[in-house]
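**Student:** If it helps, the file is called run-v8.cif and holds mmCIF, C-alpha atoms:
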data_target
loop_
_atom_site.label_atom_id
_atom_site.label_comp_id
_atom_site.auth_asym_id
_atom_site.auth_seq_id
_atom_site.Cartn_x
_atom_site.Cartn_y
_atom_site.Cartn_z
CA MET C 218 0.00 0.00 0.00
CA ASN C 219 1.74 3.16 -1.21
CA ARG C 220 1.75 6.61 0.41
CA ARG C 221 -0.93 7.96 -1.91
CA HIS C 222 -3.34 5.20 -0.90
CA ARG C 223 -2.55 5.66 2.79
CA ALA C 224 -3.14 9.40 2.46
CA LEU C 225 -6.52 8.66 0.87
CA ILE C 226 -7.42 6.36 3.78
CA LEU C 227 -6.50 9.03 6.33
CA LEU C 228 -8.42 11.71 4.43
CA SER C 229 -11.49 9.46 4.24
CA LEU C 230 -11.41 8.74 7.97
CA GLY C 231 -10.85 12.42 8.65
CA ALA C 232 -13.85 13.33 6.54
CA ILE C 233 -16.05 10.81 8.38
CA VAL C 234 -15.12 12.27 11.76
CA ALA C 235 -14.79 15.95 10.86
CA ALA C 236 -17.75 16.40 8.49
CA PRO C 237 -20.46 16.22 11.22
CA VAL C 238 -18.52 18.63 13.43
CA ALA C 239 -17.96 21.08 10.60
CA ALA C 240 -21.58 20.79 9.46
CA LEU C 241 -22.95 21.43 12.96
CA HIS C 242 -20.66 24.39 13.62
CA PRO C 243 -22.58 27.08 11.68
CA LEU C 244 -25.89 25.88 13.16
CA ALA C 245 -24.49 26.06 16.70
CA GLN C 246 -23.04 29.50 15.99
CA HIS C 247 -26.35 30.69 14.53
CA LEU C 248 -28.27 29.54 17.61
CA PHE C 249 -25.69 31.11 19.91
CA ASP C 250 -25.84 34.42 18.09
CA SER C 251 -29.65 34.43 18.13
CA GLY C 252 -29.80 33.52 21.84
CA GLN C 253 -31.78 30.32 21.29
CA ALA C 254 -31.03 27.36 23.52
CA THR C 255 -32.69 24.69 21.38
CA VAL C 256 -33.17 24.00 17.70
CA PRO C 257 -36.64 24.98 16.48
CA ALA C 258 -38.51 22.84 13.97
CA PRO C 259 -36.58 23.41 10.71
CA LEU C 260 -39.61 23.46 8.46
CA GLU C 261 -40.09 27.18 7.99
CA ASN C 262 -38.37 27.26 4.61
CA ALA C 263 -36.69 25.00 2.07
CA ALA C 264 -33.18 26.14 3.01
CA ALA C 265 -33.67 25.06 6.62
CA VAL C 266 -34.88 21.65 5.48
CA ALA C 267 -31.85 21.35 3.19
CA VAL C 268 -29.49 22.22 6.03
CA ALA C 269 -31.10 19.61 8.29
CA MET C 270 -30.74 16.97 5.57
CA LEU C 271 -27.10 17.85 4.90
CA ILE C 272 -26.23 17.68 8.59
CA GLY C 273 -28.02 14.35 8.89
CA ALA C 274 -26.17 12.95 5.86
CA SER C 275 -22.82 13.98 7.35
CA ILE C 276 -23.58 12.20 10.64
CA VAL C 277 -24.69 8.83 9.22
CA PRO C 278 -21.19 7.52 8.31
CA LEU C 279 -19.86 8.39 11.76
CA LEU C 280 -22.69 6.55 13.49
CA SER C 281 -21.96 3.49 11.35
CA LEU C 282 -18.52 3.18 12.94
CA ALA C 283 -19.98 2.27 16.34
CA ARG C 284 -20.66 -1.29 15.22
CA ILE C 285 -17.15 -1.95 14.00
CA PHE C 286 -15.66 -0.57 17.22
CA ALA C 287 -17.72 -3.15 19.11
CA ASN C 288 -16.41 -5.88 16.80
CA TRP C 289 -12.84 -4.71 17.38
CA LEU C 290 -13.27 -4.91 21.15
CA ARG C 291 -14.52 -8.48 20.85
CA GLY C 292 -11.68 -9.31 18.46
CA TRP C 293 -9.00 -7.90 20.78
CA SER C 294 -10.39 -9.93 23.66
CA ASP C 295 -10.28 -13.08 21.55
CA LEU C 296 -6.77 -12.26 20.36
CA ARG C 297 -5.43 -11.92 23.91
CA ARG C 298 -6.85 -15.34 24.72
CA ILE C 299 -5.36 -16.85 21.57
CA ALA C 300 -1.94 -15.29 22.20
CA ARG C 301 -1.82 -16.70 25.73
CA SER C 302 -2.52 -20.19 24.40
CA GLY C 303 0.38 -20.14 21.90
CA ASN C 304 4.12 -20.69 22.12
CA ARG C 305 6.60 -18.09 20.96
CA ARG C 306 9.04 -19.34 18.34
CA ARG C 307 11.86 -17.89 16.27
CA THR C 308 13.19 -19.16 12.96
CA ASP C 309 16.88 -19.49 12.17
CA ASP C 310 16.74 -16.25 10.16
CA GLY C 311 15.09 -14.29 12.96
CA ILE C 312 11.36 -14.35 12.19
CA GLU C 313 9.46 -14.30 15.48
CA TYR C 314 5.99 -15.82 15.58
CA VAL C 315 3.45 -17.41 17.90
CA LEU C 316 2.70 -21.07 17.22
CA LEU C 317 -0.92 -22.02 17.89
CA ASP C 318 -2.14 -25.56 18.42
CA ALA C 319 -4.69 -25.97 15.63
CA PRO C 320 -5.01 -28.49 12.78
CA GLN C 321 -5.84 -25.93 10.07
CA VAL C 322 -3.17 -24.28 7.92
CA VAL C 323 -3.34 -20.68 9.13
CA PHE C 324 -0.99 -17.70 8.98
CA PHE C 325 -2.03 -14.24 10.13
CA THR C 326 -0.74 -11.03 11.66
CA ALA C 327 -2.70 -9.31 14.43
CA GLY C 328 -2.29 -6.38 16.81
CA MET C 329 -2.40 -2.79 15.64
CA VAL C 330 0.09 -1.33 18.13
CA ARG C 331 2.56 -4.21 18.29
CA PRO C 332 1.60 -6.64 15.53
CA ARG C 333 2.61 -10.26 15.92
CA ILE C 334 2.77 -13.10 13.45
CA TYR C 335 0.76 -16.24 14.18
CA ALA C 336 0.99 -19.67 12.59
CA THR C 337 -0.57 -23.02 13.46
CA THR C 338 0.86 -26.44 14.16
CA GLY C 339 -1.22 -27.65 11.22
CA ALA C 340 0.76 -25.34 8.94
CA ALA C 341 4.09 -26.46 10.40
CA GLU C 342 3.20 -30.14 10.01
CA TYR C 343 1.43 -30.04 6.65
CA LEU C 344 3.67 -27.66 4.71
CA ALA C 345 7.22 -28.21 3.56
CA PRO C 346 9.76 -26.08 5.46
CA GLY C 347 10.20 -23.71 2.52
CA ALA C 348 6.44 -23.19 2.16
CA PHE C 349 6.05 -22.61 5.90
CA ARG C 350 8.83 -20.01 5.78
CA ALA C 351 7.19 -18.37 2.74
CA GLY C 352 3.99 -17.92 4.75
CA LEU C 353 5.95 -16.36 7.60
CA LEU C 354 7.78 -14.02 5.21
CA HIS C 355 4.46 -12.84 3.78
CA GLU C 356 3.19 -12.06 7.28
CA ARG C 357 6.46 -10.36 8.23
CA ALA C 358 5.89 -7.98 5.32
CA HIS C 359 2.46 -7.12 6.77
CA GLN C 360 4.03 -6.69 10.20
CA ARG C 361 6.73 -4.33 8.98
CA SER C 362 4.28 -2.26 6.91
CA GLY C 363 1.80 -1.81 9.75
CA ASP C 364 -0.88 -3.33 7.54
CA VAL C 365 -3.07 -4.44 10.47
CA ALA C 366 -3.79 -0.82 11.36
CA TRP C 367 -4.30 0.19 7.73
CA ARG C 368 -6.63 -2.72 7.08
CA ALA C 369 -8.59 -1.84 10.22
CA ALA C 370 -8.95 1.71 8.85
CA LEU C 371 -10.18 0.29 5.55
CA ALA C 372 -12.70 -1.87 7.40
CA ALA C 373 -13.96 1.23 9.22
CA ILE C 374 -14.37 3.11 5.94
CA GLU C 375 -16.16 0.15 4.36
CA ARG C 376 -18.58 -0.02 7.29
CA ALA C 377 -19.17 3.74 7.26
CA PHE C 378 -20.12 3.66 3.57
CA ALA C 379 -21.67 0.19 3.60
CA PRO C 380 -24.68 1.12 1.41
CA LEU C 381 -22.34 2.25 -1.40
CA SER C 382 -21.15 -0.81 -3.33
CA PRO C 383 -18.55 1.15 -5.41
CA VAL C 384 -16.87 2.26 -2.18
CA ARG C 385 -16.85 -1.32 -0.88
CA ALA C 386 -15.21 -2.41 -4.13
CA ALA C 387 -12.59 0.36 -3.82
CA VAL C 388 -11.77 -0.68 -0.24
CA ARG C 389 -11.37 -4.31 -1.26
CA SER C 390 -9.10 -3.35 -4.14
CA LEU C 391 -6.84 -1.50 -1.70
CA SER C 392 -6.79 -4.54 0.59
CA LEU C 393 -5.84 -6.72 -2.36
CA ASP C 394 -3.07 -4.31 -3.31
CA ALA C 395 -1.60 -4.69 0.19
CA GLU C 396 -1.65 -8.47 -0.23
CA PHE C 397 0.19 -8.26 -3.54
CA ALA C 398 2.77 -5.99 -1.90
CA ALA C 399 3.32 -8.55 0.89
CA ASP C 400 3.66 -11.33 -1.70
CA ARG C 401 6.34 -9.34 -3.54
CA ALA C 402 8.17 -8.64 -0.27
CA ALA C 403 8.13 -12.35 0.62
CA LEU C 404 9.59 -13.25 -2.78
CA ALA C 405 12.23 -10.53 -2.45
CA ALA C 406 13.17 -11.93 0.99
CA GLY C 407 13.91 -15.35 -0.49
CA ALA C 408 10.64 -17.25 -0.77
CA ARG C 409 10.15 -19.20 -3.98
CA LYS C 410 6.97 -18.71 -5.99
CA ALA C 411 6.07 -22.40 -5.74
CA GLU C 412 6.52 -22.32 -1.96
CA LEU C 413 4.38 -19.22 -1.52
CA PHE C 414 1.78 -20.73 -3.84
CA ASP C 415 1.61 -23.92 -1.75
CA ALA C 416 1.34 -21.98 1.52
CA MET C 417 -1.39 -19.72 0.15
CA ALA C 418 -3.40 -22.56 -1.38
CA ALA C 419 -3.28 -24.52 1.87
CA ALA C 420 -4.15 -21.46 3.97
CA ALA C 421 -7.19 -20.80 1.77
CA ARG C 422 -8.81 -23.77 3.49
CA GLY C 423 -8.03 -22.42 6.97
CA ALA C 424 -9.60 -19.67 9.07
CA THR C 425 -8.26 -16.57 10.82
CA ALA C 426 -9.18 -14.56 13.89
CA ASN C 427 -10.53 -11.00 13.70
CA PRO C 428 -9.10 -8.36 13.40
CA THR C 429 -6.16 -9.84 11.47
CA VAL C 430 -4.32 -9.79 8.16
CA GLY C 431 -4.14 -13.40 7.02
CA LEU C 432 -2.20 -15.10 4.23
CA ALA C 433 -5.37 -16.04 2.33
CA THR C 434 -7.95 -13.48 3.44
CA SER C 435 -8.04 -11.30 0.33
CA GLY C 436 -7.95 -11.98 -3.41
CA THR C 437 -6.47 -15.46 -3.09
CA LEU C 438 -7.42 -16.58 -6.61
CA GLN C 439 -5.98 -13.47 -8.26
CA ARG C 440 -2.75 -13.78 -6.27
CA LEU C 441 -2.36 -17.48 -7.05
CA THR C 442 -2.87 -16.68 -10.73
CA VAL C 443 -0.10 -14.07 -10.70
CA LEU C 444 2.26 -16.48 -8.92
CA ALA C 445 1.53 -19.31 -11.35
CA ASP C 446 1.53 -17.26 -14.56
CA PRO C 447 4.37 -14.72 -15.00
CA SER C 448 2.43 -13.05 -17.83
CA ALA C 449 -0.64 -12.39 -15.64
CA ALA C 450 -1.06 -8.72 -14.79
CA GLN C 451 -1.68 -7.63 -11.21
CA PRO C 452 -5.00 -5.76 -10.95
CA GLN C 453 -4.57 -2.13 -9.98
CA PRO C 454 -6.61 -0.53 -7.18
CA ALA C 455 -9.79 1.16 -8.39
CA ILE C 456 -10.06 4.03 -5.93
CA GLY C 457 -12.14 6.51 -7.90
CA ALA C 458 -15.36 5.80 -6.00
CA LEU C 459 -13.64 6.31 -2.64
CA VAL C 460 -12.10 9.61 -3.79
CA VAL C 461 -15.47 10.90 -4.99
CA THR C 462 -17.29 9.77 -1.83
CA ALA C 463 -14.72 11.31 0.52
CA ALA C 464 -14.85 14.55 -1.46
CA ALA C 465 -18.65 14.55 -1.39
CA LEU C 466 -18.67 14.00 2.37
CA GLY C 467 -16.24 16.88 2.80
CA LEU C 468 -18.46 19.05 0.63
CA LEU C 469 -21.51 18.64 2.92
CA PRO C 470 -20.29 21.04 5.65
CA VAL C 471 -19.18 23.50 2.98
CA MET C 472 -22.75 23.54 1.66
CA VAL C 473 -24.15 24.01 5.17
CA HIS C 474 -21.81 26.93 5.75
CA ALA C 475 -22.83 28.41 2.40
CA PHE C 476 -26.52 28.44 3.40
CA PHE C 477 -25.67 30.44 6.52
CA TRP C 478 -23.19 32.74 4.78
CA LEU C 479 -25.82 33.58 2.17
CA GLY C 480 -28.43 34.22 4.88
CA THR C 481 -30.96 31.84 3.31
CA VAL C 482 -31.67 29.81 6.46
CA CYS C 483 -34.60 30.87 8.61
CA PHE C 484 -34.76 29.13 11.98
#
Take the structure I supplied and represent it as structure tokens, if you would.
**Tutor:**
Amino acid sequence: MNRRHRALILLSLGAIVAAPVAALHPLAQHLFDSGQATVPAPLENAAAVAVAMLIGASIVPLLSLARIFANWLRGWSDLRRIARSGNRRRTDDGIEYVLLDAPQVVFFTAGMVRPRIYATTGAAEYLAPGAFRAGLLHERAHQRSGDVAWRAALAAIERAFAPLSPVRAAVRSLSLDAEFAADRAALAAGARKAELFDAMAAAARGATANPTVGLATSGTLQRLTVLADPSAAQPQPAIGALVVTAAALGLLPVMVHAFFWLGTVCF
């Protein structure tokens, strides 16, 4: 995930949080200046109705984040329990990970502040040593890039704009781009394509905890295709819908301010 994409994620989150505050500011200032303590019924003219609708539209995405925060709290609780049940290991080339006793082939990275790599005994027993190391190298790339936090931000944006399918598609394309980047980093660190392919294909039948960044949680078929076929092109992120939506959300408070600046609102 490059800097431009990360900047877009931060701007989108900023718009979700700041838009309601910025939209409510001129209304609060208007009421303060007029000496009113409460908001009257905004049905006296069309401009007042428009302002109420714009403010409401700016608040909806922020309210949608409450659900995902609850999911994160449950996920962090589960992750602490999982981490306590595992054994810390270190490979000969210095990759630290937590080995979990589970029969599935699973690799994932979890923890936004101090991300850790997790792998299962099923992966260690089922995969060849080179394939197991390839899975760890992929997760180390996520760990070093801070992808757990960025993917959590993407999940928040997706939840905030859940009714908008183009935005969901844009978020998933950014998640896939991060997976391709981790694949490339694993190959650059010494993993062979065949080994990474085997680890990914086996992990596709496993399961991961939430919130995590797993080896086979995003775009597995596309990534396997690129590994198997050197001529296959990596799909590029389609972020246009997210750019337009973030800009539109940022425009809402500007429109609210404009109604007050022009003196068209009558409360």
**Student:** Give me, as a ChimeraX atom specification, all polymer residues having an atom no more than 12 Å from Ala398 of chain C, counting only C-alpha atoms and skipping those fewer than 6 positions away in the same chain.
**Tutor:** /C:218-219,354-359,361-362,364,391-392,404-405,440,451-453
**Student:** When you look at Leu282 of chain C with a cut-off of 10 Å (counting all atoms listed in the file), what residues show up, excluding the ones that are within fewer than 5 positions of it in the same chain? I need them as a list in words.
**Tutor:**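 Using all atoms listed in the file, the neighbours found are Ile233, Val234, Val277, Ala287, Ala372, Ala373, Ile374, Glu375, Arg376, Ala377 and Phe378 of chain C.
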**Student:** If you count only C-alpha atoms, which residues fall within 8 Å of segment 408-413 of chain C, apart from same-chain ones fewer than 5 positions away, as a list in words?
**Tutor:**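 Within the cut-off, the hits are Gly347, Ala348, Phe349, Arg350, Ala351, Gly352, Leu354, Asp400, Ala403, Leu444 and Ala445 of chain C.
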**Student:** Need the axis-aligned box for segment 290-307 of chain C with 6 Å each side, so what are the centre and edges in Å to one decimal, as AutoDock Vina command-line options?
**Tutor:**
--center_x -1.3 --center_y -12.8 --center_z 21.0 --size_x 38.4 --size_y 27.8 --size_z 21.5
**Student:** Residues picked by the PyMOL selection byres ((chain C and resi 417-423) around 6) here, as an NGL selection string?
**Tutor:** :C and (321-323 or 414-416 or 424 or 433)
**Student:** Taking only C-alpha atoms into account, which of C:Leu371, C:Thr442, C:Arg401, C:Val473 comes nearest Leu225 of chain C?
**Tutor:**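 Once distances to Leu225 of chain C are computed over only C-alpha atoms, the minimum belongs to C:Leu371.
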**Student:** Could you check which of C:Phe324, C:Ser448, C:Asp394, C:Leu432 is closest to Arg223 of chain C, using only C-alpha atoms?
**Tutor:**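 Looking at the shortest contact to Arg223 of chain C, the residue is C:Asp394.
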**Student:** Please write as JSON, numbers by chain the full residue list that the PyMOL selection byres ((chain C and resi 313) around 12) yields on this file.
**Tutor:** {"C": [304, 305, 306, 307, 308, 309, 310, 311, 312, 314, 315, 316, 326, 332, 333, 334, 335, 336, 350, 353, 354, 356, 357, 360]}
**Student:** Would you write out those residues with C-alpha atoms, as a short mmCIF file (atom, residue, chain, number, x, y, z; two decimals), in the coordinates of the input?
**Tutor:**
data_model
loop_
_atom_site.label_atom_id
_atom_site.label_comp_id
_atom_site.auth_asym_id
_atom_site.auth_seq_id
_atom_site.Cartn_x
_atom_site.Cartn_y
_atom_site.Cartn_z
CA ASN C 304 4.12 -20.69 22.12
CA ARG C 305 6.60 -18.09 20.96
CA ARG C 306 9.04 -19.34 18.34
CA ARG C 307 11.86 -17.89 16.27
CA THR C 308 13.19 -19.16 12.96
CA ASP C 309 16.88 -19.49 12.17
CA ASP C 310 16.74 -16.25 10.16
CA GLY C 311 15.09 -14.29 12.96
CA ILE C 312 11.36 -14.35 12.19
CA TYR C 314 5.99 -15.82 15.58
CA VAL C 315 3.45 -17.41 17.90
CA LEU C 316 2.70 -21.07 17.22
CA THR C 326 -0.74 -11.03 11.66
CA PRO C 332 1.60 -6.64 15.53
CA ARG C 333 2.61 -10.26 15.92
CA ILE C 334 2.77 -13.10 13.45
CA TYR C 335 0.76 -16.24 14.18
CA ALA C 336 0.99 -19.67 12.59
CA ARG C 350 8.83 -20.01 5.78
CA LEU C 353 5.95 -16.36 7.60
CA LEU C 354 7.78 -14.02 5.21
CA GLU C 356 3.19 -12.06 7.28
CA ARG C 357 6.46 -10.36 8.23
CA GLN C 360 4.03 -6.69 10.20
#
**Student:** Running the PyMOL selection byres ((chain C and resi 380-387) around 7) on this model by hand, what would come out? Give it as a PyMOL selection string.
**Tutor:** chain C and resi 375+378-379+388-391+454-456+458-459
